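Shown next, in structure tokens, is the structure this report addresses.
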Number of protein chains: 4
Amino acid sequence: MAMVCLSDFEAYAKKYLPKIAWDYFAAGADDCNTRDENILAYKRIRFRPRMLRDVSMMDIRTKILGTEISFPVGIAPTGFHQLAWPDGEKSTARAAKAMNTCYIASTYSTCTLEEISTAAPGGFRWFQLYIHRNRAASQQLVQRAEALGFQGLVLTTDVPYTGKRRDDIRNGFRLPPHMKVKNLERDFEVCKMSLLDPSVTWNDIYWLRSLTHLPIIIKGILTKEDAELAVRHGVQGIIVSNHGGRQLDEGPATVDALIEVVEGVQGRAEVYLDGGIRKGSDVLKALALGAKCVFIGRPALWGLTYKGEEGLQDVLRILQDEFRLSMALAGCASVSEIGRHLVQFSKL
Amino acid sequence: MAMVCLSDFEAYAKKYLPKIAWDYFAAGADDCNTRDENILAYKRIRFRPRMLRDVSMMDIRTKILGTEISFPVGIAPTGFHQLAWPDGEKSTARAAKAMNTCYIASTYSTCTLEEISTAAPGGFRWFQLYIHRNRAASQQLVQRAEALGFQGLVLTTDVPYTGKRRDDIRNGFRLPPHMKVKNLERDFEVCKMSLLDPSVTWNDIYWLRSLTHLPIIIKGILTKEDAELAVRHGVQGIIVSNHGGRQLDEGPATVDALIEVVEGVQGRAEVYLDGGIRKGSDVLKALALGAKCVFIGRPALWGLTYKGEEGLQDVLRILQDEFRLSMALAGCASVSEIGRHLVQFSKL
Amino acid sequence: MAMVCLSDFEAYAKKYLPKIAWDYFAAGADDCNTRDENILAYKRIRFRPRMLRDVSMMDIRTKILGTEISFPVGIAPTGFHQLAWPDGEKSTARAAKAMNTCYIASTYSTCTLEEISTAAPGGFRWFQLYIHRNRAASQQLVQRAEALGFQGLVLTTDVPYTGKRRDDIRNGFRLPPHMKVKNLERDFEVCKMSLLDPSVTWNDIYWLRSLTHLPIIIKGILTKEDAELAVRHGVQGIIVSNHGGRQLDEGPATVDALIEVVEGVQGRAEVYLDGGIRKGSDVLKALALGAKCVFIGRPALWGLTYKGEEGLQDVLRILQDEFRLSMALAGCASVSEIGRHLVQFSKL
Amino acid sequence: MAMVCLSDFEAYAKKYLPKIAWDYFAAGADDCNTRDENILAYKRIRFRPRMLRDVSMMDIRTKILGTEISFPVGIAPTGFHQLAWPDGEKSTARAAKAMNTCYIASTYSTCTLEEISTAAPGGFRWFQLYIHRNRAASQQLVQRAEALGFQGLVLTTDVPYTGKRRDDIRNGFRLPPHMKVKNLERDFEVCKMSLLDPSVTWNDIYWLRSLTHLPIIIKGILTKEDAELAVRHGVQGIIVSNHGGRQLDEGPATVDALIEVVEGVQGRAEVYLDGGIRKGSDVLKALALGAKCVFIGRPALWGLTYKGEEGLQDVLRILQDEFRLSMALAGCASVSEIGRHLVQFSKL
């Protein structure tokens with residue numbers, strides 16, 4: 001089977017993963033409308049490609065918070081990579097480093113932050129944080145990450161409680177006994193997530209700021225009002241995200257929300273996006289609408305499932321080639337030439 | 001089979017009910033477009049969820065016409081509960097009381113109002129009325145209901161004649177011989193409904209008012225013009241309803257009509273809705289658009305079919321949990337925080 | 001099999017008619033988009049039903065060009081009724097008379113005008129005319145019709161050439177040898193229709209006017225510009241029609257075109273419609289948008305196929321019952337209460 | 001099997017072509033959305049047909065850049081006609097000449113320009129050019145074409161790199177060994193196309209102009225900005241094209257882009273279109289929106305596959321008959337009567 005596009009990796013993962021693991025990765029909340037809309041929304045965006053521009057020298061690099069990456073696609077935080085590949089997040093870290101891009105390691109990794117760091121020393125990584133009821137535990141995680149050289153702190157804001165994912169309930173999903181959420185001190189019941197603190201508010205950004213010198217990136221923002229608040233609370237970056245459609249069903253597709261978030265931010269922070277990226281041209285659309293970079297969640301897991309570190313590199317390389325080709329065919333030779341003029345909304 | 005969401009109860013009912021009963025409950029008028037639109041209309045409404053609000057203490061209670069209920073979902077009036085479960089409306093009344101919510105008992109119950117009252121003494125109930133050609137019979141029903149402690153009178157306005165439900169005609173639907181419409185003095189032919197008075201007008205509200213001290217709630221309103229008339233005739237509440245799509249096919253979905261009814265009422269009466277509620281997030285959307293409470297029809301019947309009183313409690317509990325979770329994920333800790341700002345209409 | 005709605009008759013006809021005849025009646029031009037749009041367009045129109053109006057006395061009668069009919073549905077001109085039932089147009093004429101409505105007999109009938117007249121003496125009929133290259137033949141037809149008591153002359157304007165109906169070409173459709181287009185002097189090759197005159201213009205209305213005292217109704221108008229021209233040329237009625245989608249594919253659905261035609265006419269002529277009527281509520285929508293009456297084509301043929309005169313009466317009676325019920329449920333007790341306020345266009 | 005419409009030829013080709021050849025001709029980039037939108041976009045355009053115009057004498061001829069063709073449909077440049085029929089482009093040239101229309105021969109023909117010229121002497125032909133890295137080779141091609149009597153030079157602008165066509169990658173598509181891209185000096189690897197120069201810009205139009213007296217037509221323009229640039233650089237014609245959806249997926253359908261290109265050009269050059277033409281009425285729509293002529297790609301290949309020169313003539317004749325009929329049914333007797341007033345955009 002030739003691996004030509006990301007759907008090929010999806011088909012592979014669906015075929016070879018245990019059903020319970022596939023279902024967990026694929027899950028959306030409730031009717032999965034938002035999960036699916038994340039993808040469908042891209043179909044309603046049409047390019048306005050420009051011709052006869054010199055695209056012989058393509059430069060697809062960008063910088064996020066000052067660090068250069070090989071192209072504007074990083075790895076979104078997702079949990080439990082050992083469900084996809086025995087080496088888990090260690091493979092993810094190696095693939096991201098090999099492809100010279102950013103990897104956001106999840107609190108709910110099945111490897112420790114230390115293992116991740118050691119697996120790919122010098123890699124460009126951010127750490128994703130949930131604030132727990134036990135604030136000391138969260139503080140310790142932040143400070144461990146900073147000490148290990150993580151370069152950014154990503155605060156997830158859309159999980160005061162876990163979304164209702166029907167298949168996980170039916171399957172009675174829980175981690176197999178030989179896997180652990182190693183970053184947390186004791187075993188951890190996923191479906192309860194009773195450790196998370198639903199009382200977190202904007203003021204906790206100040207608390208986080210007091211713990212670390214790392215830039216703070218806030219993840220899960222979907223409105224211009226919240227974007228405005230994020231900027232006022234001093235975050236450096238915003239990831240427009242609906243948690244892959246796993247939290248509140250029937251919120252907006254991320255690429256639709258991106259437009260109003262960019263409007264709310266007005267250049268005062270960097271804006272990123274995750275959700276629904278399946279082709280290089282999706283990346284181009286997100287950038288045209290104001291994202292500085294996008295992050296992939298499920299496609300990274302499919303790549304890991306296929307061949308671990310190598311499979312994830314395959315996924316990233318395909319996206320890179322597709323992104324470069326889309327740019328060239330749309331008439332852009334470098335990321336700086338991408339702008340709002342490049343897209344319009346389709347009548348359908 | 002795990003009962004995870006309301007569709008599971010629907011599948012159960014479709015599988016285990018006699019076809020003629022399933023068809024009767026499922027029936028819509030003509031092509032069933034309005035029945036189906038009631039559900040589809042929710043898909044076109046998107047949340048604008050807000051993050052980082054303290055949602056650790058969730059309060060989902062509300063009041064309707066001054067009486068507190070545990071969450072803004074009641075039981076809509078539907079007929080013939082014995083088709084679903086041997087104890088019929090007695091089970092419905094018990095479940096509603098156990099869940100501390102409002103049950104609107106139908107004129108066409110297969111138990112008497114007295115049986116319903118005795119089954120769940122002290123429960124919060126309204127009585128749904130059709131005005132019959134024989135006004136004395138209607139008067140007697142109203143006064144019986146008031147005497148029995150029903151706390152509101154719901155006048156159904158959209159059945160001057162019964163809608164054309166093709167499957168009921170094909171099936172020759174009628175109640176099995178051992179069931180009776182016990183509230184009415186003699187046996188009752190459903191498909192004719194020739195007892196109903198098609199000459200009822202707004203003036204009859206004054207007649208009703210003269211019969212009872214109960215608050216009058218009017219059910220079946222779909223336009224702002226009628227909402228305005230209802231207010232002017234002194235009703236306390238309006239249920240936006242198209243009778244589950246069983247009367248005039250190709251009228252508006254109730255959640256679409258809700259918007260103009262709320263506009264017409266301008267706070268001068270409480271506005272409720274029934275039709276198409278299948279998930280907790282549907283409730284949240286209806287409240288965001290101005291409904292004070294919603295009522296469920298078919299899902300209550302599926303719950304009864306599954307396990308009588310207990311099955312209906314399961315249905316209500318699932319809706320309650322889903323509603324609470326949706327609220328939290330949208331950033332609302334109490335019903336008073338829900339408002340129009342929470343939703344937008346999708347491009348599709 | 002119970003015959004509950006018009007689709008039941010369609011299913012019957014599809015099952016029992018010879019394929020070549022079914023295909024001929026069902027045919028649309030090219031991809032059949034307009035044929036199908038005629039029906040789909042009604043789904044995008046939503047009622048705004050009004051409640052608590054006295055609908056105990058329903059009056060569904062109307063008048064067209066001064067003649068009362070029992071309800072606003074007549075029989076559109078379609079060819080070759082013997083393909084559906086041995087007695088052909090004689091049965092059609094009898095059914096229309098029995099139901100007290102208008103029958104527009106087609107030039108391409110398989111019975112003569114005289115046979116039609118004799119079959120149902122005193123029935124309310126119009127005669128549909130194609131203008132032939134041989135003007136004398138057309139003149140003779142018009143004068144025969146007038147002498148036989150036909151009360152209106154319907155000029156079809158959308159067939160300068162026959163539309164491309166793929167199935168008819170594949171089937172090599174032609175009338176069976178024992179059927180004739182009896183109104184024309186010699187045998188007639190349908191698929192060529194080389195007798196029709198494609199040079200007809202608006203001036204020919206004046207020529208027609210010189211031949212007869214009958215009111216002239218023009219059929220096939222789809223734009224406000226042509227509606228304006230029709231009025232200026234003195235026609236008494238306009239049938240908004242796209243020939244059942246059999247002529248120019250991808251023109252407008254008739255109920256969509258109705259709006260602009262009514263706008264163009266501004267009350268200076270009566271406006272009717274054919275195409276896509278399948279339910280009583282479709283009739284109500286067309287009237288709400290300004291049609292005085294609608295005409296059914298294929299459903300009449302399905303009725304004939306089912307049981308000749310009796311089957312067509314069944315079809316008309318179902319439409320009548322559905323129309324009356326829709327009116328009542330929308331809050332109208334008589335045709336004069338139907339108006340533009342009764343409908344809105346759906347978001348989908 | 002009767003060949004009634006273009007879909008019949010498509011079905012034939014799909015059935016009889018080797019899969020690898022069918023896939024190559026059918027291929028679209030990525031998800032093939034633009035390929036499919038090219039066709040779907042026509043469904044959203046509705047005619048506003050006018051009645052009672054004299055359409056007895058139909059004149060469907062037009063002129064492009066001063067040369068008369070029998071109707072406004074020519075043959076778009078597509079590669080490798082020997083994959084469809086042994087005689088390849090020689091058959092194409094003969095069919096185009098027999099039907100008195102324009103054939104745009106592709107650089108990537110499997111016959112030489114000389115063979116094409118000799119096969120149909122005196123035929124009306126344009127030559128389609130890709131600019132290669134080796135400019136001398138391109139210059140030589142242009143000058144050969146001019147010397148052979150080609151009457152226009154079509155510069156393709158949307159292939160700085162080849163689009164990603166998944167099936168071709170999976171199939172490992174390449175020409176069979178016995179076929180050659182004969183116009184180029186040495187064998188040619190299709191999937192690499194590494195000979196094409198991605199550094200071409202608008203200034204190269206001046207270079208082309210210096211090489212030849214032929215009118216220059218620019219192909220691949222999709223925005224009004226580029227249309228304006230084309231006019232300013234002195235081109236005589238613009239072909240609105242997205243390369244049949246084979247280059248940048250999710251650009252606009254050509255008939256949608258046509259509108260803004262016509263707006264940008266403001267009559268200063270002729271505008272043509274290719275992509276999605278499947279029926280005569282599609283041609284009429286494109287002309288109504290401002291195209292002077294359209295070109296067919298895949299349908300020509302299906303015709304060749306069916307019966308070579310003769311099959312392609314069949315395809316053209318069907319389009320001609322359908323176009324003439326659509327014009328007549330829309331009320332236009334000559335191409336000069338076609339205009340913007342003839343179409344509107346559908347609500348769906």
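We name chains A, B, ... following the order of the structure tokens; residues begin at 1 in each chain, and ligands are numbered from 1 as shown.
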Review point. Could you pull the residues within 12 Å of Thr118 in chain D, counting only C-alpha atoms, minus those fewer than 2 positions along the same chain, as a list in words?
Key: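 Everything that qualifies: Glu89, Lys90, Ser91, Ala93, Arg94, Lys97, Cys111, Thr112, Leu113, Glu114, Glu115, Ile116, Ala120, Pro121, Gly122, Gly123, Leu148, Gly149 and Phe150 of chain D.
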Please produce a file of those selected residues containing N, CA and C atoms, as a PDB file, in the first residue's frame.
ATOM      1  N   GLU D  89      -3.280  12.524 -31.787  1.00  0.00           N
ATOM      2  CA  GLU D  89      -3.653  13.905 -32.120  1.00  0.00           C
ATOM      3  C   GLU D  89      -3.988  14.072 -33.596  1.00  0.00           C
ATOM      4  N   LYS D  90      -3.547  13.151 -34.449  1.00  0.00           N
ATOM      5  CA  LYS D  90      -3.919  13.265 -35.864  1.00  0.00           C
ATOM      6  C   LYS D  90      -5.437  13.140 -36.008  1.00  0.00           C
ATOM      7  N   SER D  91      -6.028  12.206 -35.264  1.00  0.00           N
ATOM      8  CA  SER D  91      -7.490  12.059 -35.282  1.00  0.00           C
ATOM      9  C   SER D  91      -8.171  13.304 -34.725  1.00  0.00           C
ATOM     10  N   ALA D  93      -7.106  16.351 -34.753  1.00  0.00           N
ATOM     11  CA  ALA D  93      -7.010  17.441 -35.731  1.00  0.00           C
ATOM     12  C   ALA D  93      -8.031  17.251 -36.855  1.00  0.00           C
ATOM     13  N   ARG D  94      -8.183  16.027 -37.291  1.00  0.00           N
ATOM     14  CA  ARG D  94      -9.140  15.770 -38.376  1.00  0.00           C
ATOM     15  C   ARG D  94     -10.574  16.047 -37.924  1.00  0.00           C
ATOM     16  N   LYS D  97     -11.219  19.777 -37.630  1.00  0.00           N
ATOM     17  CA  LYS D  97     -11.363  20.401 -38.954  1.00  0.00           C
ATOM     18  C   LYS D  97     -12.724  20.048 -39.556  1.00  0.00           C
ATOM     19  N   CYS D 111       1.912  13.061 -31.066  1.00  0.00           N
ATOM     20  CA  CYS D 111       2.282  13.251 -32.468  1.00  0.00           C
ATOM     21  C   CYS D 111       3.048  14.576 -32.562  1.00  0.00           C
ATOM     22  N   THR D 112       3.865  14.728 -33.575  1.00  0.00           N
ATOM     23  CA  THR D 112       4.561  16.005 -33.758  1.00  0.00           C
ATOM     24  C   THR D 112       3.603  17.045 -34.340  1.00  0.00           C
ATOM     25  N   LEU D 113       3.987  18.308 -34.178  1.00  0.00           N
ATOM     26  CA  LEU D 113       3.215  19.389 -34.784  1.00  0.00           C
ATOM     27  C   LEU D 113       3.102  19.174 -36.298  1.00  0.00           C
ATOM     28  N   GLU D 114       4.168  18.661 -36.893  1.00  0.00           N
ATOM     29  CA  GLU D 114       4.156  18.430 -38.336  1.00  0.00           C
ATOM     30  C   GLU D 114       3.127  17.355 -38.690  1.00  0.00           C
ATOM     31  N   GLU D 115       3.098  16.268 -37.927  1.00  0.00           N
ATOM     32  CA  GLU D 115       2.102  15.217 -38.190  1.00  0.00           C
ATOM     33  C   GLU D 115       0.681  15.756 -38.054  1.00  0.00           C
ATOM     34  N   ILE D 116       0.470  16.570 -37.029  1.00  0.00           N
ATOM     35  CA  ILE D 116      -0.851  17.156 -36.801  1.00  0.00           C
ATOM     36  C   ILE D 116      -1.244  18.029 -37.988  1.00  0.00           C
ATOM     37  N   ALA D 120      -4.514  17.223 -41.098  1.00  0.00           N
ATOM     38  CA  ALA D 120      -5.719  18.021 -41.370  1.00  0.00           C
ATOM     39  C   ALA D 120      -5.308  19.380 -41.898  1.00  0.00           C
ATOM     40  N   PRO D 121      -4.805  19.407 -43.122  1.00  0.00           N
ATOM     41  CA  PRO D 121      -4.260  20.655 -43.660  1.00  0.00           C
ATOM     42  C   PRO D 121      -5.312  21.752 -43.688  1.00  0.00           C
ATOM     43  N   GLY D 122      -4.892  22.941 -43.307  1.00  0.00           N
ATOM     44  CA  GLY D 122      -5.825  24.068 -43.342  1.00  0.00           C
ATOM     45  C   GLY D 122      -6.739  24.157 -42.144  1.00  0.00           C
ATOM     46  N   GLY D 123      -6.632  23.222 -41.215  1.00  0.00           N
ATOM     47  CA  GLY D 123      -7.472  23.293 -40.009  1.00  0.00           C
ATOM     48  C   GLY D 123      -7.103  24.500 -39.158  1.00  0.00           C
ATOM     49  N   LEU D 148       4.170  26.303 -39.304  1.00  0.00           N
ATOM     50  CA  LEU D 148       3.225  25.266 -39.750  1.00  0.00           C
ATOM     51  C   LEU D 148       1.808  25.803 -39.904  1.00  0.00           C
ATOM     52  N   GLY D 149       1.598  27.066 -39.602  1.00  0.00           N
ATOM     53  CA  GLY D 149       0.274  27.648 -39.840  1.00  0.00           C
ATOM     54  C   GLY D 149      -0.639  27.649 -38.615  1.00  0.00           C
ATOM     55  N   PHE D 150      -0.104  27.291 -37.455  1.00  0.00           N
ATOM     56  CA  PHE D 150      -0.916  27.465 -36.246  1.00  0.00           C
ATOM     57  C   PHE D 150      -1.219  28.951 -36.121  1.00  0.00           C
TER      58      PHE D 150
END
Point to revise | Residue hits in chain C, query chain D, radius 8 Å, only C-alpha atoms, as a list in words | key: Thr157, Asp158, Val159, Pro160, Tyr161, Gly163, Lys164, Arg166, Ile169, Arg170, Asp197, Pro198, Ser199, Val200, Thr201, Trp202, Gly220, Ile221, Leu222, Thr223, Asp226, Gln247, Leu248, Asp249, Glu250, Gly251, Pro252 and Leu348 of chain C
Point to revise | Shell of 12 Å around Lys307 in chain C, only C-alpha atoms, local chain residues under 4 positions omitted, as an NGL selection string | key: :C and (3 or 9 or 12-13 or 16 or 84-88 or 91-92 or 95 or 300-303 or 311-315)
**Study point:** Exercise: range 255-268 of chain B partners within 8 Å, only C-alpha atoms, chain neighbours under 3 positions left out, as a ChimeraX atom specification
**Key:** /B:38,41-42,221-225,227-228,231,240,252,271,273,286,289-291
Exercise for review: From the DSSP assignment of the backbone, select every residue of range 71-263 of chain B that is alpha helix (DSSP H), and format the answer as a PyMOL selection string.
Suggested key: chain B and resi 89-98+113-119+135-147+166-171+203-211+224-232+254-263
Exercise for review: Grab the CA of Trp22 in chain C to CA of Asp274 in chain C distance for me, in Å with one decimal place.
Suggested key: 19.6 Å
Review point. If you count only C-alpha atoms, which residues fall within 8 Å of Ala76 in chain B, apart from same-chain ones fewer than 3 positions away, as a VMD selection string?
Key: chain B and resid 103 to 105 274 295 to 297
Exercise for review: In Å, rounded to a single decimal, give me how far CA of Pro299 in chain D is from CA of Leu153 in chain D.
Suggested key: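 CA of Pro299 in chain D lies 22.6 Å from CA of Leu153 in chain D.
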Show me, as a tab-separated table (two decimals) with all heavy atoms, in the first residue's frame, the residues that have an atom within 8 Å of Gly152 in chain B when counting only C-alpha atoms, minus same-chain residues fewer than 4 positions from it.
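So result_11.tsv came out as:
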chain	number	residue	atom	x	y	z
B	125	ARG	N	-47.15	19.41	38.25
B	125	ARG	CA	-47.79	19.01	36.99
B	125	ARG	C	-48.65	20.12	36.41
B	125	ARG	O	-49.27	20.89	37.14
B	125	ARG	CB	-48.69	17.79	37.24
B	125	ARG	CG	-47.93	16.49	37.33
B	125	ARG	CD	-48.87	15.33	37.50
B	125	ARG	NE	-49.48	15.29	38.82
B	125	ARG	CZ	-48.92	14.73	39.90
B	125	ARG	NH1	-47.75	14.14	39.81
B	125	ARG	NH2	-49.54	14.77	41.07
B	126	TRP	N	-48.67	20.16	35.08
B	126	TRP	CA	-49.64	20.99	34.39
B	126	TRP	C	-50.59	20.05	33.64
B	126	TRP	O	-50.24	18.90	33.36
B	126	TRP	CB	-48.95	21.92	33.37
B	126	TRP	CG	-48.09	23.00	33.98
B	126	TRP	CD1	-48.08	23.38	35.29
B	126	TRP	CD2	-47.13	23.81	33.30
B	126	TRP	NE1	-47.18	24.40	35.47
B	126	TRP	CE2	-46.58	24.69	34.26
B	126	TRP	CE3	-46.68	23.91	31.99
B	126	TRP	CZ2	-45.59	25.63	33.95
B	126	TRP	CZ3	-45.70	24.85	31.67
B	126	TRP	CH2	-45.17	25.70	32.64
B	127	PHE	N	-51.76	20.57	33.30
B	127	PHE	CA	-52.71	19.76	32.55
B	127	PHE	C	-52.88	20.36	31.14
B	127	PHE	O	-53.10	21.56	31.00
B	127	PHE	CB	-54.07	19.71	33.25
B	127	PHE	CG	-55.13	19.03	32.43
B	127	PHE	CD1	-55.02	17.69	32.07
B	127	PHE	CD2	-56.25	19.75	31.99
B	127	PHE	CE1	-55.99	17.07	31.30
B	127	PHE	CE2	-57.21	19.13	31.20
B	127	PHE	CZ	-57.08	17.79	30.86
B	214	LEU	N	-55.94	28.85	37.52
B	214	LEU	CA	-54.62	28.37	37.09
B	214	LEU	C	-54.03	29.31	36.04
B	214	LEU	O	-54.77	29.89	35.23
B	214	LEU	CB	-54.73	26.97	36.50
B	214	LEU	CG	-55.11	25.86	37.48
B	214	LEU	CD1	-55.22	24.53	36.74
B	214	LEU	CD2	-54.07	25.77	38.60
B	215	PRO	N	-52.72	29.41	36.03
B	215	PRO	CA	-52.09	30.13	34.93
B	215	PRO	C	-52.35	29.40	33.61
B	215	PRO	O	-52.44	28.17	33.59
B	215	PRO	CB	-50.59	30.12	35.28
B	215	PRO	CG	-50.42	29.07	36.31
B	215	PRO	CD	-51.73	28.88	37.00
B	216	ILE	N	-52.51	30.16	32.56
B	216	ILE	CA	-52.78	29.57	31.24
B	216	ILE	C	-51.51	29.66	30.39
B	216	ILE	O	-50.91	30.72	30.26
B	216	ILE	CB	-53.95	30.27	30.54
B	216	ILE	CG1	-55.23	30.03	31.35
B	216	ILE	CG2	-54.11	29.81	29.10
B	216	ILE	CD1	-56.45	30.77	30.84
B	217	ILE	N	-51.13	28.50	29.87
B	217	ILE	CA	-49.98	28.42	28.97
B	217	ILE	C	-50.54	28.00	27.62
B	217	ILE	O	-51.35	27.08	27.52
B	217	ILE	CB	-48.95	27.37	29.47
B	217	ILE	CG1	-48.45	27.77	30.86
B	217	ILE	CG2	-47.80	27.25	28.49
B	217	ILE	CD1	-49.11	26.96	31.97
Practice item. Run DSSP on the backbone of this structure and report the residues of range 71-180 of chain D it assigns to strand (DSSP E), as a PyMOL selection string. Key: chain D and resi 73-75+103-105+125-129+153-156
Residue subset to file, keeping N, CA and C atoms, as a compact mmCIF listing (two decimals), in the first residue's frame:
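Written out: result-v4.txt:
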# COMPACT_ATOMS: atom_id res chain seq x y z
N VAL D 73 -17.47 26.04 -29.33
CA VAL D 73 -16.82 24.97 -28.57
C VAL D 73 -15.60 24.49 -29.35
N GLY D 74 -14.43 24.61 -28.73
CA GLY D 74 -13.22 24.09 -29.33
C GLY D 74 -12.62 22.96 -28.50
N ILE D 75 -11.45 22.48 -28.94
CA ILE D 75 -10.79 21.37 -28.24
C ILE D 75 -9.66 21.94 -27.39
N TYR D 103 -8.76 23.69 -32.63
CA TYR D 103 -8.10 22.66 -31.84
C TYR D 103 -6.82 23.27 -31.28
N ILE D 104 -6.69 23.21 -29.97
CA ILE D 104 -5.45 23.68 -29.34
C ILE D 104 -4.57 22.47 -29.09
N ALA D 105 -3.51 22.33 -29.90
CA ALA D 105 -2.63 21.17 -29.76
C ALA D 105 -1.68 21.40 -28.60
N ARG D 125 -6.04 25.92 -35.92
CA ARG D 125 -5.37 25.38 -34.73
C ARG D 125 -4.56 26.44 -34.00
N TRP D 126 -4.54 26.28 -32.69
CA TRP D 126 -3.61 27.05 -31.88
C TRP D 126 -2.61 26.06 -31.27
N PHE D 127 -1.47 26.59 -30.84
CA PHE D 127 -0.47 25.73 -30.20
C PHE D 127 -0.32 26.12 -28.73
N GLN D 128 -0.39 25.09 -27.88
CA GLN D 128 -0.27 25.33 -26.43
C GLN D 128 1.17 25.14 -26.01
N LEU D 129 1.69 26.11 -25.29
CA LEU D 129 3.10 26.10 -24.91
C LEU D 129 3.28 26.09 -23.39
N LEU D 153 -1.02 31.27 -30.09
CA LEU D 153 -0.09 30.66 -29.15
C LEU D 153 -0.73 30.73 -27.77
N VAL D 154 -0.95 29.57 -27.17
CA VAL D 154 -1.63 29.51 -25.86
C VAL D 154 -0.59 29.22 -24.79
N LEU D 155 -0.33 30.18 -23.92
CA LEU D 155 0.65 29.97 -22.87
C LEU D 155 -0.04 29.48 -21.60
N THR D 156 0.33 28.28 -21.18
CA THR D 156 -0.24 27.74 -19.93
C THR D 156 0.55 28.30 -18.75
